[in-house]
>>> print(open('my_file17.cif').read())   # mmCIF, C-alpha atoms
data_model
#
loop_
_atom_site.label_atom_id
_atom_site.label_comp_id
_atom_site.auth_asym_id
_atom_site.auth_seq_id
_atom_site.Cartn_x
_atom_site.Cartn_y
_atom_site.Cartn_z
CA MET A 1 -10.16 20.82 -16.00
CA CYS A 2 -9.68 17.58 -17.93
CA ASN A 3 -12.30 17.87 -20.62
CA VAL A 4 -10.96 15.37 -23.16
CA THR A 5 -12.59 15.15 -26.59
CA ASN A 6 -9.67 13.78 -28.61
CA PRO A 7 -10.37 10.04 -29.18
CA GLN A 8 -6.69 9.12 -29.03
CA LEU A 9 -6.14 10.90 -25.72
CA LYS A 10 -9.33 9.39 -24.33
CA TYR A 11 -8.13 5.90 -25.24
CA ILE A 12 -4.77 6.59 -23.58
CA LEU A 13 -6.45 7.81 -20.39
CA GLU A 14 -8.86 4.89 -20.20
CA ASN A 15 -5.90 2.52 -20.43
CA ILE A 16 -3.35 4.69 -18.63
CA ASN A 17 -2.11 1.98 -16.27
CA THR A 18 -1.07 -0.24 -19.19
CA PHE A 19 1.59 2.24 -20.36
CA SER A 20 5.16 2.64 -19.13
CA VAL A 21 6.49 5.66 -17.24
CA ASN A 22 8.44 6.81 -20.31
CA GLU A 23 5.35 6.57 -22.52
CA ILE A 24 3.27 8.64 -20.08
CA ASN A 25 6.03 11.24 -19.81
CA ALA A 26 5.95 11.51 -23.62
CA PHE A 27 2.15 11.79 -23.67
CA VAL A 28 2.30 14.75 -21.28
CA GLN A 29 5.16 16.50 -23.09
CA ASN A 30 4.23 15.81 -26.70
CA LYS A 31 0.46 15.28 -26.72
CA GLY A 32 -0.58 17.83 -24.13
CA LEU A 33 -2.00 15.26 -21.70
CA GLU A 34 -2.82 17.00 -18.41
CA LEU A 35 -1.78 15.80 -14.96
CA SER A 36 -5.33 16.46 -13.75
CA CYS A 37 -6.57 13.98 -16.36
CA LEU A 38 -4.10 11.33 -15.19
CA ILE A 39 -5.48 11.78 -11.68
CA LYS A 40 -9.10 11.76 -12.83
CA TYR A 41 -8.59 8.52 -14.74
CA GLU A 42 -6.91 6.99 -11.67
CA ILE A 43 -3.31 6.55 -12.72
CA SER A 44 -1.67 4.08 -10.34
CA ALA A 45 0.33 5.52 -7.46
CA GLU A 46 3.46 3.74 -8.64
CA LEU A 47 3.31 5.27 -12.12
CA LEU A 48 2.48 8.69 -10.69
CA ASN A 49 5.41 8.57 -8.26
CA ASN A 50 7.83 7.64 -11.03
CA LEU A 51 6.93 10.32 -13.59
CA ASN A 52 9.67 12.78 -14.53
CA ILE A 53 10.04 15.23 -11.64
CA ASN A 54 10.44 18.25 -13.91
CA ILE A 55 7.40 17.37 -16.00
CA LEU A 56 5.42 17.06 -12.78
CA LYS A 57 6.66 20.44 -11.58
CA GLN A 58 5.69 22.06 -14.87
CA GLN A 59 2.18 20.58 -14.86
CA VAL A 60 1.58 21.41 -11.20
CA GLU A 61 2.43 25.03 -11.94
CA ILE A 62 0.44 25.26 -15.20
CA GLU A 63 -2.66 23.43 -13.97
CA GLY A 64 -2.65 24.65 -10.37
CA ILE A 65 -2.70 21.12 -8.95
CA THR A 66 -2.87 21.14 -5.14
CA GLN A 67 -0.98 19.02 -2.65
CA THR A 68 -4.26 17.50 -1.50
CA GLN A 69 -5.09 16.34 -5.04
CA LEU A 70 -1.68 14.68 -5.37
CA GLN A 71 -1.95 13.04 -1.95
CA SER A 72 -5.40 11.70 -2.82
CA ALA A 73 -3.99 10.24 -6.04
CA GLY A 74 -1.39 8.30 -4.05
CA MET A 75 1.71 10.49 -4.51
CA ASN A 76 4.22 10.02 -1.72
CA LYS A 77 4.93 12.87 0.69
CA ALA A 78 8.62 13.23 -0.21
CA LEU A 79 7.77 13.83 -3.85
CA ILE A 80 4.99 16.28 -2.99
CA ASP A 81 7.37 18.21 -0.76
CA GLU A 82 9.91 18.39 -3.59
CA LEU A 83 7.29 19.58 -6.10
CA PHE A 84 6.17 22.45 -3.93
CA GLU A 85 9.57 23.46 -2.57
CA ASN A 86 10.81 25.45 -5.58
CA GLU A 87 9.31 26.91 -8.75
CA ILE A 88 10.72 25.94 -12.15
CA ASP A 89 12.96 28.63 -13.58
CA GLU A 90 12.84 29.42 -17.27
CA ASP A 91 16.55 28.61 -17.47
CA ASP A 92 15.78 25.06 -16.34
CA GLU A 93 13.43 24.26 -19.20
CA ASN A 94 16.19 22.42 -21.03
CA ILE A 95 16.06 19.76 -18.32
CA PHE A 96 13.11 18.20 -20.12
CA SER A 97 15.30 16.99 -22.99
CA GLY A 98 18.31 14.76 -22.49
CA GLU A 99 19.74 16.03 -25.80
CA GLU A 100 19.60 19.65 -24.72
CA ILE A 101 21.35 18.87 -21.47
CA GLU A 102 24.07 17.05 -23.36
CA ASP A 103 24.56 20.01 -25.70
CA ASN A 104 24.69 22.50 -22.83
CA ASP A 105 26.81 21.01 -20.05
CA ASP A 106 27.71 24.37 -18.53
CA PHE A 107 25.84 23.35 -15.38
CA GLY A 108 28.36 20.58 -14.68
CA LEU A 109 25.52 18.13 -14.10
CA LEU A 110 26.77 15.45 -16.47
CA GLY A 111 30.28 14.08 -16.26
CA GLY A 112 29.89 11.40 -18.95
CA ASP A 113 30.18 7.63 -18.53
CA GLY A 114 26.89 7.37 -16.65
CA PHE A 115 27.65 10.13 -14.16
CA ASN A 116 24.61 12.33 -13.60
CA LYS A 117 24.63 14.73 -10.66
CA LEU A 118 20.87 15.31 -10.78
CA LEU A 119 20.15 11.60 -10.53
CA ILE A 120 22.79 11.04 -7.87
CA ASP A 121 21.20 13.71 -5.68
CA ARG A 122 17.74 12.22 -6.15
CA VAL A 123 18.95 8.71 -5.35
CA ASN A 124 20.70 9.89 -2.20
CA ALA A 125 17.63 11.91 -1.16
CA GLY A 126 15.34 8.91 -1.66
CA GLN A 127 13.31 10.80 -4.26
CA ILE A 128 13.38 8.38 -7.16
CA GLY A 129 11.35 5.24 -7.79
CA VAL A 130 12.75 1.89 -8.84
CA ASN A 131 11.01 2.01 -12.25
CA GLU A 132 12.61 5.31 -13.20
CA LEU A 133 16.02 4.32 -11.82
CA GLN A 134 15.89 1.08 -13.79
CA GLU A 135 15.14 3.02 -16.98
CA HIS A 136 18.06 5.38 -16.35
CA LEU A 137 20.35 2.37 -15.88
CA ASN A 138 19.10 0.79 -19.09
CA ASN A 139 19.56 4.07 -20.98
CA ASN A 140 23.04 4.63 -19.52
CA ALA A 141 21.92 7.92 -17.97
CA ILE A 142 23.53 6.61 -14.78
CA SER A 143 25.87 3.67 -14.37
CA ALA A 144 26.06 0.87 -11.84
CA GLN A 145 29.57 2.10 -10.96
CA THR A 146 28.19 5.56 -10.18
CA LEU A 147 25.52 4.04 -7.93
CA ARG A 148 28.24 2.12 -6.11
CA ASP A 149 30.70 5.00 -5.80
CA TYR A 150 28.40 7.97 -5.18
CA CYS A 151 25.22 6.43 -3.71
CA GLY A 152 26.65 3.57 -1.66
CA LEU A 153 24.54 0.87 -3.32
CA ASP A 154 26.01 -2.62 -3.23
CA ASN A 155 26.00 -5.06 -6.15
CA ARG A 156 23.04 -6.98 -4.75
CA MET A 157 20.81 -3.90 -4.58
CA ILE A 158 21.85 -2.79 -8.08
CA LYS A 159 21.02 -6.27 -9.37
CA ARG A 160 17.58 -6.06 -7.74
CA ILE A 161 16.95 -2.71 -9.45
CA GLU A 162 18.07 -4.09 -12.83
CA ASP A 163 15.87 -7.20 -12.45
CA TYR A 164 12.83 -5.41 -11.04
CA SER A 165 9.71 -6.68 -12.80
CA PRO A 166 6.54 -6.29 -10.73
CA GLU A 167 3.19 -7.88 -11.42
CA GLN A 168 -0.22 -6.32 -10.99
CA MET A 169 -3.61 -7.97 -10.78
CA PRO A 170 -5.79 -7.22 -13.81
CA PRO A 171 -8.95 -5.40 -12.72
CA VAL A 172 -12.24 -7.28 -12.73
CA SER A 173 -15.81 -6.28 -12.09
CA LEU A 174 -17.53 -7.26 -8.87
CA GLN A 175 -19.69 -9.70 -10.85
CA GLU A 176 -16.58 -11.60 -11.93
CA LEU A 177 -15.42 -12.31 -8.37
CA PRO A 178 -16.53 -15.62 -6.85
CA ALA A 179 -18.78 -15.29 -3.82
CA LEU A 180 -17.16 -15.05 -0.41
CA LYS A 181 -16.75 -18.49 1.10
CA PRO A 182 -19.40 -19.17 3.80
CA ASN A 183 -18.70 -20.57 7.27
CA CYS A 184 -15.46 -18.58 7.50
CA THR A 185 -14.22 -15.57 9.40
CA ASP A 186 -13.97 -12.48 7.17
CA PHE A 187 -11.00 -10.19 7.82
CA TYR A 188 -11.34 -6.71 6.29
CA PHE A 189 -8.19 -4.65 5.69
CA LEU A 190 -9.07 -0.99 5.06
CA GLY A 191 -7.00 2.16 4.68
CA MET A 192 -6.07 5.19 2.62
CA PRO A 193 -3.81 4.96 -0.46
CA SER A 194 -0.17 4.13 0.34
CA ALA A 195 -0.95 3.40 4.00
CA GLY A 196 0.85 0.05 3.73
CA LYS A 197 -2.22 -2.16 3.70
CA SER A 198 -1.20 -4.57 0.93
CA CYS A 199 2.34 -4.68 2.32
CA LEU A 200 0.94 -5.72 5.68
CA ILE A 201 -1.14 -8.50 4.09
CA ALA A 202 1.85 -9.65 2.03
CA SER A 203 4.10 -9.79 5.10
CA LEU A 204 1.47 -11.77 7.00
CA LEU A 205 0.94 -14.31 4.18
CA THR A 206 4.70 -14.71 3.71
CA HIS A 207 5.16 -15.32 7.44
CA TRP A 208 2.35 -17.89 7.50
CA MET A 209 3.78 -19.71 4.49
CA ARG A 210 7.27 -19.74 5.98
CA THR A 211 6.00 -21.17 9.28
CA GLY A 212 3.66 -23.68 7.63
CA ILE A 213 0.48 -22.19 9.04
CA CYS A 214 -1.55 -21.50 5.91
CA ASN A 215 -2.37 -22.71 2.41
CA PRO A 216 -4.33 -20.88 -0.31
CA GLU A 217 -7.70 -22.35 -1.27
CA VAL A 218 -7.78 -23.46 -4.92
CA SER A 219 -11.54 -22.86 -5.25
CA ASN A 220 -10.85 -19.18 -6.01
CA PRO A 221 -8.29 -19.05 -8.88
CA ARG A 222 -8.02 -15.25 -8.73
CA GLY A 223 -7.40 -15.46 -5.00
CA VAL A 224 -4.62 -18.00 -5.57
CA LYS A 225 -3.03 -15.69 -8.15
CA TYR A 226 -3.30 -12.73 -5.79
CA PHE A 227 -1.81 -14.82 -2.97
CA ARG A 228 1.13 -15.74 -5.20
CA LEU A 229 1.57 -12.13 -6.33
CA LEU A 230 1.59 -10.70 -2.79
CA ALA A 231 3.53 -13.40 -0.94
CA GLY A 232 5.80 -14.38 -3.83
CA GLY A 233 6.83 -10.81 -4.54
CA PHE A 234 7.26 -9.93 -0.87
CA ALA A 235 9.49 -12.96 -0.29
CA LYS A 236 11.85 -11.38 -2.86
CA GLY A 237 11.62 -7.94 -1.26
CA ILE A 238 9.20 -6.49 -3.83
CA LEU A 239 6.35 -4.47 -2.33
CA PRO A 240 2.85 -4.78 -3.81
CA ARG A 241 1.72 -2.14 -6.26
CA ASN A 242 -1.45 -0.17 -5.69
CA ASN A 243 -4.43 -1.48 -7.62
CA PRO A 244 -6.86 1.44 -7.97
CA ASN A 245 -9.14 -0.24 -10.50
CA THR A 246 -10.65 -2.91 -8.25
CA PHE A 247 -12.38 -2.10 -4.97
CA ILE A 248 -12.22 -5.59 -3.47
CA ASP A 249 -9.80 -8.43 -3.90
CA TYR A 250 -9.90 -11.33 -1.55
CA ILE A 251 -7.93 -14.44 -0.74
CA GLU A 252 -9.27 -17.64 0.76
CA VAL A 253 -6.75 -19.45 2.93
CA THR A 254 -6.85 -22.35 5.35
CA LEU A 255 -5.02 -21.92 8.64
CA ASN A 256 -3.43 -25.09 9.99
CA LEU A 257 -3.39 -24.46 13.72
CA THR A 258 -1.95 -26.57 16.51
CA GLU A 259 -2.50 -26.13 20.23
CA THR A 260 -1.18 -28.09 23.17
CA GLN A 261 -3.45 -28.16 26.21
CA THR A 262 -2.73 -29.54 29.64
CA THR A 263 -5.29 -32.07 30.86
CA ILE A 264 -5.48 -34.37 33.88
CA PHE A 265 -4.13 -37.06 31.59
CA GLY A 266 -1.16 -34.95 30.51
CA PRO A 267 -0.48 -32.69 27.50
CA LYS A 268 -2.87 -33.07 24.59
CA THR A 269 -2.23 -31.69 21.12
CA LYS A 270 -5.07 -30.57 18.90
CA LYS A 271 -4.90 -29.67 15.21
CA SER A 272 -7.49 -27.69 13.29
CA SER A 273 -7.84 -26.54 9.70
CA ILE A 274 -9.81 -23.30 9.69
CA PRO A 275 -10.80 -21.41 6.50
CA ILE A 276 -10.74 -17.61 6.46
CA ASN A 277 -11.39 -14.84 3.90
CA ILE A 278 -8.89 -11.97 3.67
CA LEU A 279 -10.46 -8.92 2.01
CA ASP A 280 -8.11 -6.29 0.62
CA MET A 281 -10.11 -3.08 0.12
CA ALA A 282 -8.33 -0.80 -2.37
CA GLY A 283 -7.14 2.44 -0.77
CA GLU A 284 -8.08 4.58 -3.75
CA LYS A 285 -11.66 3.32 -3.60
CA PHE A 286 -11.66 3.53 0.19
CA GLU A 287 -11.13 7.27 -0.15
CA LYS A 288 -13.82 7.45 -2.82
CA VAL A 289 -16.26 5.88 -0.36
CA ALA A 290 -15.32 8.51 2.21
CA ASP A 291 -15.83 11.30 -0.33
CA GLU A 292 -19.03 10.07 -1.99
CA GLY A 293 -20.66 8.32 0.94
CA ALA A 294 -22.57 5.08 1.31
CA GLN A 295 -24.06 5.28 -2.21
CA TYR A 296 -20.68 4.14 -3.57
CA PHE A 297 -20.12 1.48 -0.90
CA THR A 298 -23.60 -0.03 -0.84
CA GLN A 299 -23.36 -1.22 -4.44
CA HIS A 300 -21.02 -3.83 -2.93
CA LYS A 301 -23.42 -4.72 -0.12
CA THR A 302 -24.80 -7.82 -1.83
CA PHE A 303 -21.30 -9.19 -2.32
CA LEU A 304 -20.20 -8.47 1.26
CA ASP A 305 -23.44 -9.51 2.95
CA ASN A 306 -23.18 -12.94 4.58
CA THR A 307 -23.47 -14.57 7.99
CA ASN A 308 -19.71 -14.87 8.56
CA ARG A 309 -18.27 -13.30 11.69
CA LYS A 310 -15.84 -10.47 10.98
CA ALA A 311 -12.85 -8.50 12.20
CA LEU A 312 -11.80 -5.11 10.81
CA PHE A 313 -8.24 -3.85 10.45
CA PHE A 314 -7.98 -0.11 9.83
CA ILE A 315 -4.49 0.69 8.55
CA LEU A 316 -3.11 4.12 9.51
CA ASP A 317 -0.06 5.65 7.85
CA TYR A 318 2.21 7.16 10.51
CA THR A 319 4.27 9.13 7.97
CA LEU A 320 1.43 11.49 7.03
CA ASP A 321 1.73 15.16 7.91
CA ASN A 322 0.09 14.75 11.30
CA GLU A 323 -0.15 18.47 11.94
CA GLY A 324 -1.77 19.19 8.58
CA GLU A 325 -4.63 18.27 6.30
CA ASP A 326 -3.43 14.74 5.51
CA ALA A 327 -4.06 13.37 8.98
CA PHE A 328 -7.41 15.16 9.15
CA ARG A 329 -8.51 13.58 5.85
CA GLN A 330 -7.38 10.15 7.02
CA SER A 331 -9.24 10.48 10.32
CA LEU A 332 -12.40 11.78 8.63
CA SER A 333 -12.31 9.01 6.01
CA LEU A 334 -11.94 6.33 8.68
CA SER A 335 -14.98 7.66 10.55
CA VAL A 336 -17.13 7.93 7.40
CA VAL A 337 -16.29 4.41 6.26
CA LEU A 338 -16.94 3.04 9.76
CA ASN A 339 -20.40 4.63 9.69
CA ASN A 340 -21.04 3.15 6.23
CA LEU A 341 -20.13 -0.29 7.55
CA LYS A 342 -22.62 0.23 10.38
CA GLU A 343 -25.38 1.17 7.92
CA MET A 344 -24.65 -1.92 5.85
CA GLY A 345 -24.99 -4.19 8.88
CA ILE A 346 -21.39 -5.37 8.76
CA ILE A 347 -20.60 -3.98 12.21
CA ASN A 348 -23.40 -6.12 13.67
CA LYS A 349 -21.35 -9.19 12.73
CA THR A 350 -18.01 -7.76 13.84
CA ASP A 351 -16.25 -8.91 17.01
CA SER A 352 -12.97 -7.02 16.90
CA ILE A 353 -11.51 -3.89 15.35
CA PHE A 354 -7.79 -3.21 15.18
CA LEU A 355 -6.06 0.10 14.48
CA VAL A 356 -2.74 -0.81 12.91
CA VAL A 357 -0.21 2.03 12.80
CA THR A 358 2.20 1.16 9.99
CA LYS A 359 5.80 2.32 9.40
CA ALA A 360 6.48 2.12 13.14
CA ASP A 361 10.21 2.06 12.38
CA MET A 362 9.80 5.82 11.87
CA PHE A 363 8.68 6.31 15.50
CA PRO A 364 11.14 8.58 17.39
CA VAL A 365 11.43 6.04 20.23
CA SER A 366 13.07 2.68 20.88
CA LYS A 367 11.22 -0.49 19.89
CA GLU A 368 10.43 -1.24 23.51
CA LYS A 369 8.24 1.88 23.55
CA TYR A 370 6.46 1.35 20.19
CA GLN A 371 3.19 0.25 21.79
CA GLU A 372 3.11 3.17 24.21
CA TYR A 373 3.95 5.60 21.43
CA ALA A 374 1.27 4.16 19.09
CA ASN A 375 -1.36 4.52 21.82
CA GLN A 376 -0.39 8.16 22.38
CA TYR A 377 -0.29 8.81 18.62
CA ILE A 378 -3.91 7.67 18.28
CA ASP A 379 -4.95 9.83 21.23
CA ASP A 380 -3.20 12.87 19.76
CA TYR A 381 -4.37 12.68 16.14
CA TYR A 382 -7.29 10.25 15.87
CA GLY A 383 -9.22 10.94 19.04
CA SER A 384 -12.57 11.26 17.26
CA PHE A 385 -12.23 7.92 15.50
CA LYS A 386 -11.06 6.27 18.73
CA GLN A 387 -14.14 7.67 20.50
CA ASN A 388 -16.36 6.06 17.85
CA LEU A 389 -14.70 2.74 18.64
CA GLU A 390 -15.12 3.30 22.37
CA ASN A 391 -18.83 3.79 21.74
CA LEU A 392 -19.00 0.55 19.76
CA ARG A 393 -17.23 -1.25 22.58
CA LYS A 394 -20.02 -0.20 24.91
CA GLU A 395 -22.97 -0.52 22.51
CA ALA A 396 -22.10 -3.72 20.65
CA ASN A 397 -19.41 -5.31 22.83
CA ILE A 398 -16.84 -4.96 20.04
CA GLU A 399 -13.26 -5.17 21.19
CA PHE A 400 -10.65 -2.87 19.71
CA GLU A 401 -6.90 -2.72 19.98
CA ILE A 402 -4.05 -0.54 18.73
CA ILE A 403 -1.10 -2.34 17.11
CA PRO A 404 2.19 -0.81 15.89
CA TYR A 405 3.52 -2.50 12.75
CA SER A 406 6.68 -2.37 10.66
CA ILE A 407 8.29 -4.37 7.90
CA GLY A 408 11.52 -2.36 8.04
CA LYS A 409 13.09 0.20 5.74
CA CYS A 410 11.82 0.48 2.16
CA VAL A 411 13.84 2.03 -0.67
CA PHE A 412 13.04 3.36 -4.15
CA GLY A 413 9.32 3.15 -3.45
CA GLN A 414 8.85 -0.57 -4.10
CA LEU A 415 11.79 -2.46 -2.59
CA LEU A 416 12.23 -3.73 0.96
CA GLU A 417 15.84 -3.04 1.88
CA ASP A 418 16.28 -6.24 3.94
CA TYR A 419 13.77 -8.97 3.09
CA ASN A 420 15.50 -11.77 4.99
CA PRO A 421 13.58 -12.52 8.21
CA LYS A 422 16.79 -13.87 9.77
CA THR A 423 18.35 -10.42 9.68
CA ASN A 424 15.20 -8.25 9.63
CA GLU A 425 13.49 -8.95 12.93
CA ASN A 426 10.46 -6.88 11.89
CA LEU A 427 9.51 -9.68 9.47
CA ARG A 428 9.55 -12.16 12.34
CA ASN A 429 7.99 -10.16 15.12
CA TYR A 430 5.13 -8.07 13.72
CA PRO A 431 3.53 -10.67 11.39
CA ALA A 432 3.73 -13.15 14.28
CA ILE A 433 1.94 -10.74 16.64
CA LEU A 434 -0.77 -9.90 14.10
CA GLY A 435 -1.07 -13.55 13.08
CA LYS A 436 -1.78 -14.58 16.67
CA LYS A 437 -4.60 -12.04 16.85
CA ILE A 438 -6.18 -13.54 13.74
CA GLU A 439 -5.64 -17.11 14.88
CA SER A 440 -7.33 -16.41 18.22
CA LEU A 441 -10.34 -14.90 16.46
CA THR A 442 -10.76 -17.89 14.13
CA ALA A 443 -10.42 -20.26 17.08
CA ARG A 444 -13.33 -18.50 18.76
CA TYR A 445 -15.72 -19.86 16.13
CA ASN A 446 -14.28 -23.38 15.92
CA LYS A 447 -15.58 -25.46 18.80
CA SER A 448 -13.20 -28.34 18.19
CA TRP A 449 -10.36 -25.94 18.85
CA PHE A 450 -11.25 -25.74 22.54
CA THR A 451 -13.30 -28.86 23.11
CA LEU A 452 -11.41 -31.78 24.67
#
>>> encode(input="my_file17.cif", output="structure tokens")
Amino acid sequence: MCNVTNPQLKYILENINTFSVNEINAFVQNKGLELSCLIKYEISAELLNNLNINILKQQVEIEGITQTQLQSAGMNKALIDELFENEIDEDDENIFSGEEIEDNDDFGLLGGDGFNKLLIDRVNAGQIGVNELQEHLNNNAISAQTLRDYCGLDNRMIKRIEDYSPEQMPPVSLQELPALKPNCTDFYFLGMPSAGKSCLIASLLTHWMRTGICNPEVSNPRGVKYFRLLAGGFAKGILPRNNPNTFIDYIEVTLNLTETQTTIFGPKTKKSSIPINILDMAGEKFEKVADEGAQYFTQHKTFLDNTNRKALFFILDYTLDNEGEDAFRQSLSLSVVLNNLKEMGIINKTDSIFLVVTKADMFPVSKEKYQEYANQYIDDYYGSFKQNLENLRKEANIEFEIIPYSIGKCVFGQLLEDYNPKTNENLRNYPAILGKKIESLTARYNKSWFTL
């Protein structure tokens, strides 16, 4: 599959993430571009999740694409479930053309004036992305009034959809990245595609900025831009897009920490400015490492190799099909990557490992029981990986901890429903908890922090 010889198609595929959803839909319909080729050339998860549902169904059937292939490419579970729920009937082929649907309205799907039953059902089922919905609004395929009357969206949410304009970091080669700053603590964030890793980092940076704890370091211009993209977008309720073309992006920040200690002379306040490196390891490449082994990872060894102390955050997606192949692949990938880190010598400089279970708001228990439930979840589905960490605890005195995490409800793939920390307590509580873990680790290596 995906043996492309046509120069035009090859150019399109090599630059696939620069095109819009509508353009890619047209390439598949009119130029015979295969879904397997989009996956092979690493189409971004956001573009993939916003392609026309009926085009996707047709290509899945024609090409025999499996659920595992789509999951690996970053497609969300709800869309995968929809693709494999029903086959496309020949009578439904006219769905691919808006003109044909208009000419044959016997189905009663279109009522005119921006009323579209198909779109209404998808919006209400949470099976449409913000990019596609924005395009339908712009093309009058659905109206703002319909979204208010039939989908319950308020004017503020509709305005956010209309104004949605995400940014994405341009990919760079490893040689173009500045070296990791020495004499820092390196914090690695690792996880499978769509696990919520970049969202977690964005929520943490936004919390630190809001509370005055951190500042970006200007010595790394790309890091400053990435900081602004993550934190700036998240502050407006826009979730970060996947960036499959770069394995490592990192941000240098300085934490401005204050501690009050009680001495025999009374309370004493100490302030410290502590630099740290935050490494965001792309989920798509993370899975590639797990599939292809250390040979893919070790090409980055020179860049990652330094004397800095480290902490690892493995991000686990709770919403995976825990009884099926998805959870198995996630568990296996975590174990393989952990072993690669050991072979590279990174574990020898690691003091703590955290398993962060994201999307905890989906837990079937009250918030008071999140921690207990997360612990049991790891025991039930990731016992092998946990045992590896237990062994490291004994062999290398590496601490590990399980942390539930949530930023609240997300809608249309890329929007946080409530991004105000005053009304969304998740944005206050979980970044604060995780931030304290990081602050305590940085303090460990800064003598002035504890010395009176």
>>> residues_around(input="my_file17.cif", residues="Gln371 (chain A)", least_positions_apart="5", cutoff="8 Å", atoms="only C-alpha atoms", output="MDAnalysis selection string")
chainID A and resid 402:404
>>> residues_around(input="my_file17.cif", residues="Pro221 (chain A)", least_positions_apart="6", cutoff="10 Å", atoms="all atoms listed in the file", output="ChimeraX atom specification")
/A:177-178,227,251-252
>>> atom_distance(input="my_file17.cif", atom1="CA of Tyr188 (chain A)", atom2="CA of Tyr226 (chain A)")
15.7 Å
>>> closest_residue(input="my_file17.cif", among="A:Ala45, A:Ile238, A:Ile278, A:Leu355", to="Met157 (chain A)", atoms="all atoms listed in the file")
A:Ile238
>>> closest_residue(input="my_file17.cif", among="A:Ile128, A:Val123, A:Ile315, A:Met344", to="Leu147 (chain A)", atoms="only C-alpha atoms")
A:Val123
>>> residues_around(input="my_file17.cif", residues="Asn306 (chain A)", least_positions_apart="3", cutoff="9 Å", atoms="all atoms listed in the file", output="VMD selection string")
chain A and resid 180 182 302 to 303 309 346
>>> residues_around(input="my_file17.cif", residues="Gly196 (chain A)", least_positions_apart="2", cutoff="12 Å", atoms="only C-alpha atoms", output="count of residues only")
42
>>> axis_aligned_box(input="my_file17.cif", around="region 336-345 of chain A", padding_each_side="5 Å", output="JSON")
{"center_x": -20.8, "center_y": 1.9, "center_z": 8.1, "size_x": 19.1, "size_y": 22.1, "size_z": 14.5}
>>> resolve_selection(input="my_file17.cif", expression="the PyMOL selection byres ((chain A and resi 424) around 12)", output="list in words")
Gly237, Asp361, Ser406, Ile407, Gly408, Lys409, Cys410, Leu416, Glu417, Asp418, Tyr419, Asn420, Pro421, Lys422, Thr423, Glu425, Asn426, Leu427, Arg428, Asn429 and Tyr430 of chain A
>>> write_last_selection(input="my_file17.cif", atoms="C-alpha atoms", output="PDB file, in the coordinates of the input")
ATOM      1  CA  GLY A 237      11.620  -7.940  -1.260  1.00  0.00           C
ATOM      2  CA  ASP A 361      10.210   2.060  12.380  1.00  0.00           C
ATOM      3  CA  SER A 406       6.680  -2.370  10.660  1.00  0.00           C
ATOM      4  CA  ILE A 407       8.290  -4.370   7.900  1.00  0.00           C
ATOM      5  CA  GLY A 408      11.520  -2.360   8.040  1.00  0.00           C
ATOM      6  CA  LYS A 409      13.090   0.200   5.740  1.00  0.00           C
ATOM      7  CA  CYS A 410      11.820   0.480   2.160  1.00  0.00           C
ATOM      8  CA  LEU A 416      12.230  -3.730   0.960  1.00  0.00           C
ATOM      9  CA  GLU A 417      15.840  -3.040   1.880  1.00  0.00           C
ATOM     10  CA  ASP A 418      16.280  -6.240   3.940  1.00  0.00           C
ATOM     11  CA  TYR A 419      13.770  -8.970   3.090  1.00  0.00           C
ATOM     12  CA  ASN A 420      15.500 -11.770   4.990  1.00  0.00           C
ATOM     13  CA  PRO A 421      13.580 -12.520   8.210  1.00  0.00           C
ATOM     14  CA  LYS A 422      16.790 -13.870   9.770  1.00  0.00           C
ATOM     15  CA  THR A 423      18.350 -10.420   9.680  1.00  0.00           C
ATOM     16  CA  GLU A 425      13.490  -8.950  12.930  1.00  0.00           C
ATOM     17  CA  ASN A 426      10.460  -6.880  11.890  1.00  0.00           C
ATOM     18  CA  LEU A 427       9.510  -9.680   9.470  1.00  0.00           C
ATOM     19  CA  ARG A 428       9.550 -12.160  12.340  1.00  0.00           C
ATOM     20  CA  ASN A 429       7.990 -10.160  15.120  1.00  0.00           C
ATOM     21  CA  TYR A 430       5.130  -8.070  13.720  1.00  0.00           C
TER      22      TYR A 430
END
>>> resolve_selection(input="my_file17.cif", expression="the PyMOL selection byres ((chain A and resi 7-19) around 7)", output="MDAnalysis selection string")
chainID A and resid 4:6 20:21 23:24 38 41 43:44
>>> write_last_selection(input="my_file17.cif", atoms="C-alpha atoms", output="compact mmCIF listing (two decimals), keeping the file's coordinate frame")
# COMPACT_ATOMS: atom_id res chain seq x y z
CA VAL A 4 -10.96 15.37 -23.16
CA THR A 5 -12.59 15.15 -26.59
CA ASN A 6 -9.67 13.78 -28.61
CA SER A 20 5.16 2.64 -19.13
CA VAL A 21 6.49 5.66 -17.24
CA GLU A 23 5.35 6.57 -22.52
CA ILE A 24 3.27 8.64 -20.08
CA LEU A 38 -4.10 11.33 -15.19
CA TYR A 41 -8.59 8.52 -14.74
CA ILE A 43 -3.31 6.55 -12.72
CA SER A 44 -1.67 4.08 -10.34
>>> atom_distance(input="my_file17.cif", atom1="CA of Thr254 (chain A)", atom2="CA of Ile213 (chain A)")
8.2 Å
>>> atom_distance(input="my_file17.cif", atom1="CA of Val130 (chain A)", atom2="CA of Gln168 (chain A)")
15.5 Å
>>> closest_residue(input="my_file17.cif", among="A:Trp208, A:Ile80, A:Gly232, A:Val365", to="Pro431 (chain A)", atoms="all atoms listed in the file")
A:Trp208
